[in-house]
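A.B. asks: The structure file protein33.pdb (PDB, C-alpha atoms, pLDDT in the B column) is provided below.
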ATOM      1  CA  MET A   1      77.936  97.651 120.335  1.00 96.00           C
ATOM      2  CA  ARG A   2      77.218  98.682 116.769  1.00 97.00           C
ATOM      3  CA  LEU A   3      75.932 102.243 117.044  1.00 98.00           C
ATOM      4  CA  ALA A   4      73.886 101.939 113.859  1.00 97.00           C
ATOM      5  CA  ASP A   5      72.033  98.919 115.267  1.00 98.00           C
ATOM      6  CA  ALA A   6      71.571 100.252 118.802  1.00 98.00           C
ATOM      7  CA  THR A   7      68.842 102.518 120.110  1.00 98.00           C
ATOM      8  CA  TRP A   8      69.667 105.762 121.848  1.00 97.00           C
ATOM      9  CA  THR A   9      68.604 104.243 125.156  1.00 98.00           C
ATOM     10  CA  ASP A  10      70.952 101.308 124.560  1.00 97.00           C
ATOM     11  CA  VAL A  11      73.813 103.769 124.232  1.00 97.00           C
ATOM     12  CA  ARG A  12      72.671 105.792 127.232  1.00 96.00           C
ATOM     13  CA  ASP A  13      72.597 102.721 129.454  1.00 96.00           C
ATOM     14  CA  ALA A  14      75.807 101.127 128.190  1.00 96.00           C
ATOM     15  CA  ASP A  15      79.196 101.305 129.879  1.00 95.00           C
ATOM     16  CA  ILE A  16      81.286 102.365 126.875  1.00 97.00           C
ATOM     17  CA  ASP A  17      85.038 102.771 127.186  1.00 96.00           C
ATOM     18  CA  VAL A  18      86.003 103.701 123.640  1.00 98.00           C
ATOM     19  CA  ALA A  19      84.640 104.174 120.130  1.00 98.00           C
ATOM     20  CA  PHE A  20      86.127 102.590 117.031  1.00 98.00           C
ATOM     21  CA  VAL A  21      85.509 104.582 113.845  1.00 98.00           C
ATOM     22  CA  PRO A  22      86.331 102.466 110.768  1.00 98.00           C
ATOM     23  CA  VAL A  23      87.670 104.541 107.892  1.00 98.00           C
ATOM     24  CA  GLY A  24      88.138 103.127 104.417  1.00 98.00           C
ATOM     25  CA  SER A  25      87.879 104.071 100.779  1.00 98.00           C
ATOM     26  CA  THR A  26      85.921 103.319  97.631  1.00 98.00           C
ATOM     27  CA  GLU A  27      88.627 102.748  95.069  1.00 98.00           C
ATOM     28  CA  GLN A  28      89.973 100.279  92.553  1.00 98.00           C
ATOM     29  CA  HIS A  29      91.525  97.098  93.876  1.00 98.00           C
ATOM     30  CA  GLY A  30      92.460  95.465  90.618  1.00 98.00           C
ATOM     31  CA  PRO A  31      90.178  93.231  88.579  1.00 98.00           C
ATOM     32  CA  HIS A  32      89.703  90.693  91.375  1.00 98.00           C
ATOM     33  CA  ALA A  33      88.803  92.647  94.532  1.00 98.00           C
ATOM     34  CA  PRO A  34      85.884  95.013  95.195  1.00 98.00           C
ATOM     35  CA  LEU A  35      86.027  98.781  95.292  1.00 98.00           C
ATOM     36  CA  GLY A  36      85.024  98.616  98.951  1.00 98.00           C
ATOM     37  CA  THR A  37      88.010  96.508 100.013  1.00 98.00           C
ATOM     38  CA  ASP A  38      89.534  99.118 102.319  1.00 98.00           C
ATOM     39  CA  THR A  39      86.245  99.746 104.088  1.00 98.00           C
ATOM     40  CA  LEU A  40      85.432  96.036 104.400  1.00 98.00           C
ATOM     41  CA  ASP A  41      88.872  95.363 105.866  1.00 98.00           C
ATOM     42  CA  ALA A  42      88.661  98.278 108.308  1.00 98.00           C
ATOM     43  CA  VAL A  43      85.269  97.094 109.566  1.00 98.00           C
ATOM     44  CA  ALA A  44      86.449  93.481 109.896  1.00 98.00           C
ATOM     45  CA  VAL A  45      89.463  94.529 111.969  1.00 98.00           C
ATOM     46  CA  ALA A  46      87.378  96.931 114.068  1.00 98.00           C
ATOM     47  CA  GLU A  47      84.829  94.213 114.823  1.00 98.00           C
ATOM     48  CA  ALA A  48      87.490  91.668 115.726  1.00 98.00           C
ATOM     49  CA  GLY A  49      89.383  94.244 117.772  1.00 98.00           C
ATOM     50  CA  ALA A  50      86.228  95.162 119.680  1.00 97.00           C
ATOM     51  CA  ALA A  51      85.591  91.505 120.461  1.00 96.00           C
ATOM     52  CA  ALA A  52      89.185  91.065 121.644  1.00 96.00           C
ATOM     53  CA  TYR A  53      88.993  94.160 123.849  1.00 96.00           C
ATOM     54  CA  GLU A  54      85.682  93.179 125.393  1.00 95.00           C
ATOM     55  CA  ALA A  55      86.953  89.633 126.036  1.00 92.00           C
ATOM     56  CA  SER A  56      89.910  90.948 127.999  1.00 84.00           C
ATOM     57  CA  ASP A  57      89.853  91.943 131.647  1.00 74.00           C
ATOM     58  CA  THR A  58      88.100  95.246 131.069  1.00 71.00           C
ATOM     59  CA  SER A  59      85.047  96.902 132.517  1.00 73.00           C
ATOM     60  CA  GLY A  60      83.455  98.482 129.475  1.00 90.00           C
ATOM     61  CA  ALA A  61      82.358  98.052 125.896  1.00 95.00           C
ATOM     62  CA  VAL A  62      83.421  99.324 122.487  1.00 97.00           C
ATOM     63  CA  ALA A  63      81.055 101.514 120.467  1.00 98.00           C
ATOM     64  CA  LEU A  64      81.544 100.580 116.824  1.00 98.00           C
ATOM     65  CA  ALA A  65      80.655 103.577 114.682  1.00 98.00           C
ATOM     66  CA  PRO A  66      79.385 103.281 111.093  1.00 98.00           C
ATOM     67  CA  PRO A  67      82.255 103.218 108.592  1.00 98.00           C
ATOM     68  CA  ILE A  68      83.391 106.212 106.597  1.00 98.00           C
ATOM     69  CA  PRO A  69      83.587 104.731 103.074  1.00 98.00           C
ATOM     70  CA  VAL A  70      85.070 107.506 100.924  1.00 98.00           C
ATOM     71  CA  GLY A  71      88.523 108.819 101.663  1.00 98.00           C
ATOM     72  CA  VAL A  72      91.608 110.466 100.189  1.00 98.00           C
ATOM     73  CA  ALA A  73      91.956 108.372  97.052  1.00 98.00           C
ATOM     74  CA  GLU A  74      92.438 110.666  94.075  1.00 98.00           C
ATOM     75  CA  GLU A  75      95.595 108.735  93.242  1.00 97.00           C
ATOM     76  CA  HIS A  76      93.311 105.980  91.896  1.00 98.00           C
ATOM     77  CA  ARG A  77      91.210 108.312  89.723  1.00 97.00           C
ATOM     78  CA  GLY A  78      92.403 106.611  86.532  1.00 97.00           C
ATOM     79  CA  PHE A  79      90.367 103.500  87.391  1.00 98.00           C
ATOM     80  CA  ASP A  80      86.593 103.383  86.980  1.00 98.00           C
ATOM     81  CA  GLY A  81      84.400 103.473  90.049  1.00 98.00           C
ATOM     82  CA  THR A  82      86.928 105.140  92.334  1.00 98.00           C
ATOM     83  CA  MET A  83      85.496 107.886  94.550  1.00 98.00           C
ATOM     84  CA  TRP A  84      87.405 110.469  96.562  1.00 98.00           C
ATOM     85  CA  VAL A  85      87.208 113.715  98.484  1.00 98.00           C
ATOM     86  CA  SER A  86      89.862 116.348  99.050  1.00 97.00           C
ATOM     87  CA  PRO A  87      92.094 116.006 102.113  1.00 97.00           C
ATOM     88  CA  ASP A  88      90.514 119.176 103.537  1.00 97.00           C
ATOM     89  CA  ALA A  89      86.977 117.825 103.172  1.00 98.00           C
ATOM     90  CA  PHE A  90      88.019 114.474 104.618  1.00 98.00           C
ATOM     91  CA  ARG A  91      89.729 116.021 107.633  1.00 98.00           C
ATOM     92  CA  THR A  92      86.769 118.238 108.423  1.00 98.00           C
ATOM     93  CA  TYR A  93      84.134 115.527 107.986  1.00 98.00           C
ATOM     94  CA  VAL A  94      85.925 112.807 109.937  1.00 98.00           C
ATOM     95  CA  ARG A  95      86.941 115.109 112.792  1.00 97.00           C
ATOM     96  CA  GLU A  96      83.466 116.589 113.156  1.00 97.00           C
ATOM     97  CA  THR A  97      81.898 113.134 112.988  1.00 97.00           C
ATOM     98  CA  ALA A  98      84.098 111.957 115.840  1.00 98.00           C
ATOM     99  CA  ALA A  99      83.548 115.175 117.788  1.00 97.00           C
ATOM    100  CA  SER A 100      79.878 114.274 118.213  1.00 97.00           C
ATOM    101  CA  LEU A 101      80.810 111.340 120.447  1.00 97.00           C
ATOM    102  CA  PRO A 102      82.166 113.186 123.523  1.00 97.00           C
ATOM    103  CA  SER A 103      78.822 114.942 123.942  1.00 94.00           C
ATOM    104  CA  HIS A 104      77.463 111.523 124.933  1.00 94.00           C
ATOM    105  CA  GLY A 105      80.358 110.681 127.224  1.00 95.00           C
ATOM    106  CA  ILE A 106      82.301 108.662 124.632  1.00 97.00           C
ATOM    107  CA  ASP A 107      85.520 110.615 124.795  1.00 95.00           C
ATOM    108  CA  ARG A 108      88.069 108.021 123.676  1.00 97.00           C
ATOM    109  CA  VAL A 109      88.223 107.314 119.935  1.00 98.00           C
ATOM    110  CA  VAL A 110      90.333 105.086 117.715  1.00 98.00           C
ATOM    111  CA  PHE A 111      90.136 105.611 113.960  1.00 98.00           C
ATOM    112  CA  VAL A 112      90.552 102.145 112.433  1.00 98.00           C
ATOM    113  CA  ASN A 113      91.962 102.763 108.983  1.00 98.00           C
ATOM    114  CA  GLY A 114      92.143 100.534 105.924  1.00 98.00           C
ATOM    115  CA  HIS A 115      93.544 102.900 103.268  1.00 98.00           C
ATOM    116  CA  GLY A 116      97.089 104.182 102.916  1.00 97.00           C
ATOM    117  CA  GLY A 117      95.944 107.451 101.376  1.00 97.00           C
ATOM    118  CA  ASN A 118      94.128 108.341 104.616  1.00 98.00           C
ATOM    119  CA  VAL A 119      97.115 107.920 106.937  1.00 98.00           C
ATOM    120  CA  GLU A 120      98.510 111.450 106.846  1.00 97.00           C
ATOM    121  CA  ALA A 121      95.112 113.111 107.214  1.00 98.00           C
ATOM    122  CA  LEU A 122      94.005 110.798 110.033  1.00 98.00           C
ATOM    123  CA  GLY A 123      97.127 111.600 112.024  1.00 98.00           C
ATOM    124  CA  GLU A 124      96.275 115.286 111.850  1.00 98.00           C
ATOM    125  CA  ILE A 125      92.617 114.598 112.657  1.00 98.00           C
ATOM    126  CA  ALA A 126      93.552 112.676 115.802  1.00 98.00           C
ATOM    127  CA  ARG A 127      95.840 115.465 116.980  1.00 97.00           C
ATOM    128  CA  ARG A 128      93.287 118.201 116.367  1.00 97.00           C
ATOM    129  CA  PHE A 129      90.539 116.162 118.026  1.00 97.00           C
ATOM    130  CA  SER A 130      92.728 115.618 121.077  1.00 96.00           C
ATOM    131  CA  ARG A 131      93.580 119.329 121.331  1.00 95.00           C
ATOM    132  CA  ASP A 132      90.006 120.585 120.879  1.00 95.00           C
ATOM    133  CA  ASP A 133      88.966 122.861 123.758  1.00 93.00           C
ATOM    134  CA  ALA A 134      85.294 122.122 123.052  1.00 93.00           C
ATOM    135  CA  HIS A 135      85.467 118.640 124.609  1.00 93.00           C
ATOM    136  CA  ASP A 136      87.663 116.322 126.665  1.00 92.00           C
ATOM    137  CA  GLY A 137      88.170 113.774 123.911  1.00 95.00           C
ATOM    138  CA  TYR A 138      91.343 111.947 122.978  1.00 97.00           C
ATOM    139  CA  ALA A 139      91.898 110.086 119.694  1.00 98.00           C
ATOM    140  CA  VAL A 140      94.527 108.107 117.828  1.00 98.00           C
ATOM    141  CA  ALA A 141      94.678 106.627 114.343  1.00 98.00           C
ATOM    142  CA  PHE A 142      95.382 102.917 113.738  1.00 98.00           C
ATOM    143  CA  THR A 143      96.104 101.421 110.314  1.00 98.00           C
ATOM    144  CA  TRP A 144      95.588  97.664 110.311  1.00 98.00           C
ATOM    145  CA  PHE A 145      98.278  96.684 107.784  1.00 98.00           C
ATOM    146  CA  GLU A 146     100.936  98.501 109.799  1.00 98.00           C
ATOM    147  CA  ALA A 147     100.165  96.244 112.788  1.00 98.00           C
ATOM    148  CA  VAL A 148     100.787  92.790 111.300  1.00 98.00           C
ATOM    149  CA  GLY A 149     104.459  92.342 112.114  1.00 97.00           C
ATOM    150  CA  GLU A 150     106.763  91.096 109.398  1.00 97.00           C
ATOM    151  CA  HIS A 151     103.886  90.866 106.925  1.00 97.00           C
ATOM    152  CA  ALA A 152     103.584  94.661 106.752  1.00 96.00           C
ATOM    153  CA  SER A 153     106.330  94.888 104.133  1.00 94.00           C
ATOM    154  CA  ASP A 154     104.213  92.800 101.730  1.00 94.00           C
ATOM    155  CA  MET A 155     101.315  95.257 101.654  1.00 95.00           C
ATOM    156  CA  GLY A 156     101.348  96.479  98.035  1.00 95.00           C
ATOM    157  CA  HIS A 157      97.881  97.288  96.714  1.00 97.00           C
ATOM    158  CA  ALA A 158      95.214  94.639  96.107  1.00 97.00           C
ATOM    159  CA  GLY A 159      98.145  92.324  96.668  1.00 97.00           C
ATOM    160  CA  PRO A 160      98.704  89.447  99.089  1.00 97.00           C
ATOM    161  CA  LEU A 161      97.607  91.112 102.340  1.00 98.00           C
ATOM    162  CA  GLU A 162      94.367  92.712 101.215  1.00 98.00           C
ATOM    163  CA  THR A 163      93.416  89.678  99.141  1.00 98.00           C
ATOM    164  CA  ALA A 164      94.174  87.360 102.056  1.00 98.00           C
ATOM    165  CA  LEU A 165      92.037  89.341 104.491  1.00 98.00           C
ATOM    166  CA  LEU A 166      89.162  89.405 102.009  1.00 98.00           C
ATOM    167  CA  ARG A 167      89.470  85.654 101.457  1.00 98.00           C
ATOM    168  CA  ALA A 168      89.191  85.164 105.216  1.00 98.00           C
ATOM    169  CA  THR A 169      86.317  87.589 105.829  1.00 98.00           C
ATOM    170  CA  HIS A 170      84.439  88.081 102.524  1.00 98.00           C
ATOM    171  CA  PRO A 171      85.455  85.213 100.228  1.00 98.00           C
ATOM    172  CA  GLU A 172      82.349  85.622  98.097  1.00 98.00           C
ATOM    173  CA  LEU A 173      83.599  89.038  96.930  1.00 98.00           C
ATOM    174  CA  VAL A 174      86.955  87.865  95.572  1.00 98.00           C
ATOM    175  CA  ARG A 175      86.789  87.134  91.831  1.00 98.00           C
ATOM    176  CA  GLU A 176      88.934  84.028  92.054  1.00 98.00           C
ATOM    177  CA  GLU A 177      88.880  83.422  88.310  1.00 98.00           C
ATOM    178  CA  ARG A 178      90.698  86.741  87.820  1.00 98.00           C
ATOM    179  CA  VAL A 179      93.418  86.348  90.450  1.00 98.00           C
ATOM    180  CA  ALA A 180      95.975  84.640  88.203  1.00 97.00           C
ATOM    181  CA  ALA A 181      95.741  87.370  85.561  1.00 95.00           C
ATOM    182  CA  ALA A 182      95.819  90.041  88.251  1.00 97.00           C
ATOM    183  CA  SER A 183      99.081  88.562  89.528  1.00 96.00           C
ATOM    184  CA  GLU A 184     100.687  88.287  86.098  1.00 95.00           C
ATOM    185  CA  GLU A 185      99.946  91.918  85.234  1.00 94.00           C
ATOM    186  CA  ALA A 186     100.725  93.401  88.656  1.00 96.00           C
ATOM    187  CA  ALA A 187     103.467  95.909  89.358  1.00 96.00           C
ATOM    188  CA  ASP A 188     106.251  94.875  91.708  1.00 94.00           C
ATOM    189  CA  ARG A 189     106.447  98.152  93.593  1.00 94.00           C
ATOM    190  CA  TRP A 190     104.296 101.146  94.449  1.00 95.00           C
ATOM    191  CA  GLY A 191     105.437 104.214  92.533  1.00 94.00           C
ATOM    192  CA  GLU A 192     108.319 105.379  90.369  1.00 95.00           C
ATOM    193  CA  TRP A 193     111.230 106.235  92.634  1.00 96.00           C
ATOM    194  CA  VAL A 194     114.270 108.412  91.974  1.00 97.00           C
ATOM    195  CA  ALA A 195     116.515 109.710  94.763  1.00 97.00           C
ATOM    196  CA  GLY A 196     113.916 108.728  97.345  1.00 96.00           C
ATOM    197  CA  VAL A 197     111.140 110.633  95.569  1.00 97.00           C
ATOM    198  CA  ASN A 198     108.060 109.054  93.986  1.00 96.00           C
ATOM    199  CA  LEU A 199     107.642 110.642  90.561  1.00 97.00           C
ATOM    200  CA  ALA A 200     104.199 109.084  90.028  1.00 96.00           C
ATOM    201  CA  HIS A 201     101.265 110.930  91.561  1.00 96.00           C
ATOM    202  CA  ASP A 202      98.628 108.473  90.297  1.00 97.00           C
ATOM    203  CA  SER A 203      98.621 104.691  90.458  1.00 97.00           C
ATOM    204  CA  ASP A 204      97.829 104.164  86.774  1.00 96.00           C
ATOM    205  CA  GLU A 205     101.272 105.600  85.983  1.00 96.00           C
ATOM    206  CA  PHE A 206     102.972 102.431  87.257  1.00 96.00           C
ATOM    207  CA  THR A 207     100.324  99.683  87.277  1.00 97.00           C
ATOM    208  CA  ASP A 208      98.100  98.860  84.317  1.00 96.00           C
ATOM    209  CA  ASN A 209      95.561  96.816  86.272  1.00 97.00           C
ATOM    210  CA  GLY A 210      95.755  98.592  89.624  1.00 97.00           C
ATOM    211  CA  VAL A 211      97.555  95.771  91.440  1.00 98.00           C
ATOM    212  CA  VAL A 212     100.878  95.985  93.253  1.00 98.00           C
ATOM    213  CA  GLY A 213     102.170  92.691  94.602  1.00 97.00           C
ATOM    214  CA  ASP A 214     101.002  89.118  94.100  1.00 97.00           C
ATOM    215  CA  PRO A 215      97.400  88.522  95.215  1.00 97.00           C
ATOM    216  CA  SER A 216      97.724  84.780  94.620  1.00 97.00           C
ATOM    217  CA  ALA A 217     100.135  84.665  97.586  1.00 96.00           C
ATOM    218  CA  GLY A 218      97.411  85.753  99.998  1.00 97.00           C
ATOM    219  CA  ASP A 219      95.301  82.776 101.040  1.00 97.00           C
ATOM    220  CA  ALA A 220      92.584  82.620 103.692  1.00 98.00           C
ATOM    221  CA  ALA A 221      94.948  81.156 106.284  1.00 98.00           C
ATOM    222  CA  LEU A 222      97.183  84.207 105.966  1.00 98.00           C
ATOM    223  CA  GLY A 223      94.075  86.363 106.177  1.00 98.00           C
ATOM    224  CA  GLU A 224      93.086  84.782 109.491  1.00 98.00           C
ATOM    225  CA  GLU A 225      96.581  85.403 110.828  1.00 98.00           C
ATOM    226  CA  LEU A 226      96.465  89.023 109.698  1.00 98.00           C
ATOM    227  CA  LEU A 227      93.069  89.501 111.324  1.00 98.00           C
ATOM    228  CA  ASP A 228      94.307  88.008 114.595  1.00 98.00           C
ATOM    229  CA  ARG A 229      97.437  90.140 114.639  1.00 98.00           C
ATOM    230  CA  ALA A 230      95.683  93.369 113.725  1.00 98.00           C
ATOM    231  CA  SER A 231      92.763  92.842 116.109  1.00 98.00           C
ATOM    232  CA  ASP A 232      95.041  91.946 119.018  1.00 97.00           C
ATOM    233  CA  ALA A 233      97.107  95.065 118.357  1.00 98.00           C
ATOM    234  CA  LEU A 234      93.949  97.170 118.170  1.00 98.00           C
ATOM    235  CA  ALA A 235      92.642  95.777 121.463  1.00 97.00           C
ATOM    236  CA  GLU A 236      95.986  96.526 123.131  1.00 96.00           C
ATOM    237  CA  LEU A 237      95.943 100.053 121.720  1.00 97.00           C
ATOM    238  CA  ALA A 238      92.378 100.607 122.886  1.00 97.00           C
ATOM    239  CA  GLY A 239      93.363  99.708 126.427  1.00 95.00           C
ATOM    240  CA  ALA A 240      96.184 102.237 126.347  1.00 96.00           C
ATOM    241  CA  VAL A 241      93.871 104.907 124.926  1.00 96.00           C
ATOM    242  CA  VAL A 242      91.279 104.299 127.627  1.00 95.00           C
ATOM    243  CA  ASP A 243      93.891 104.474 130.391  1.00 92.00           C
ATOM    244  CA  ARG A 244      95.700 107.544 129.078  1.00 90.00           C
ATOM    245  CA  GLU A 245      95.029 110.967 130.500  1.00 78.00           C
ATOM    246  CA  PRO A 246      94.765 113.540 127.688  1.00 68.00           C
ATOM    247  CA  ALA A 247      97.271 116.352 127.601  1.00 67.00           C
ATOM    248  CA  SER A 248      96.172 119.625 129.124  1.00 64.00           C
ATOM    249  CA  ARG A 249      94.546 121.969 126.651  1.00 57.00           C
TER
END
Could you quickly redo this structure as structure tokens?
C.D. replies:
Amino acid sequence: MRLADATWTDVRDADIDVAFVPVGSTEQHGPHAPLGTDTLDAVAVAEAGAAAYEASDTSGAVALAPPIPVGVAEEHRGFDGTMWVSPDAFRTYVRETAASLPSHGIDRVVFVNGHGGNVEALGEIARRFSRDDAHDGYAVAFTWFEAVGEHASDMGHAGPLETALLRATHPELVREERVAAASEEAADRWGEWVAGVNLAHDSDEFTDNGVVGDPSAGDAALGEELLDRASDALAELAGAVVDREPASR
């Protein structure tokens, strides 16, 4: 059930087990992929994960919340069009957005994340949400590209994984005529590392075009595999979240 498309009476009458809250970013993804890549990918995985959960031997539905499209992305500020908020603003907004759900009996939440810069903040948000004395909610954070098995090590940025998932779900948004150049000019690795420390705070310090990894290596077939793996993992996680008793407050 997409909350934005439902009426309040639809929600009242539904048997909802868990809410998925897609969280993305509006940031550069090289010359070939849209600024909304992280949000588009988070929504695609959340939708597929909801379908997988509801198709399993369960008794309830998934409430798919509207996506949160601006995240912790100041590291991409050197590239035009990127938007960001501070980690403090992000944590407050996302947690309070999710905290509205338990008042309607939706007290299990999974944040479905598509942006690496959100990971640390979302972990804290989930913990604070789960410890909140004001409601009985329980939440966890799920990042799709960490749930794709051996492919996870190829993540990069606007590289093979994100390009593949876009080619599978939103092929019309990939600027195919720019992919070859994006690959040729891409950085091989995220950051500038010395003694285990990344010296580069912003992405334009180590990539001229915003790309890390080879986007040409991510075809639609890989994208379908990534979507299947991530959505299956999300459905499995949702079942565990629904069944888990929250810790005492």
A.B. asks: For the file shown, report as a ChimeraX atom specification the outcome of the PyMOL selection byres ((chain A and resi 70-74) around 9) at residue level.
C.D. replies: /A:23-27,39,68-69,75-78,82-87,90,115-118,121,202
A.B. asks: Find the residues near A:Arg95: any atom within 9 Å, counting only C-alpha atoms, skip ones fewer than 5 places away on the same chain, and give them as a list in words.
C.D. replies: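 The residues that qualify are Phe90, Ser100, Leu122, Ile125, Ala126, Arg128 and Phe129 of chain A.
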A.B. asks: Just so the selection is clear, what residues does the PyMOL selection byres ((chain A and resi 50) around 10) cover here, as a VMD selection string?
C.D. replies: chain A and resid 1 18 to 20 44 to 49 51 to 55 61 to 64 231 to 232 234 to 235 238
A.B. asks: Might you spell out which residues the PyMOL selection byres ((chain A and resi 155) around 12) would select in the displayed file, as a PyMOL selection string?
C.D. replies: chain A and resi 114-116+143-154+156-165+188-190+211-215+217-218+226
A.B. asks: Please indicate the distance in Å from atom CA of A:Thr97 to atom CA of A:Val110, rounded to one decimal place.
C.D. replies: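 Distance reported for this atom pair: 12.6 Å.
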A.B. asks: Could you tell me how far atom CA of A:Ile106 sits from atom CA of A:Leu237, in Å to one decimal place?
C.D. replies: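 It comes out at 16.4 Å.
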A.B. asks: Could you state the separation of atom CA of A:Glu205 and atom CA of A:Phe142 in Å, given to one decimal place?
C.D. replies: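 Rounded to one decimal, the two atoms are 28.5 Å apart.
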A.B. asks: Would you please work out which residue, of A:Leu40, A:Ala33, A:Val112, A:Ala233, is nearest to A:Glu176 when using all atoms listed in the file?
C.D. replies: A:Ala33
A.B. asks: So, counting all atoms listed in the file, which residue among A:Asp107, A:Asp41, A:Glu124, A:Asp133 is closest to A:Ala230?
C.D. replies: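 Closest to A:Ala230 of all the choices is A:Asp41.
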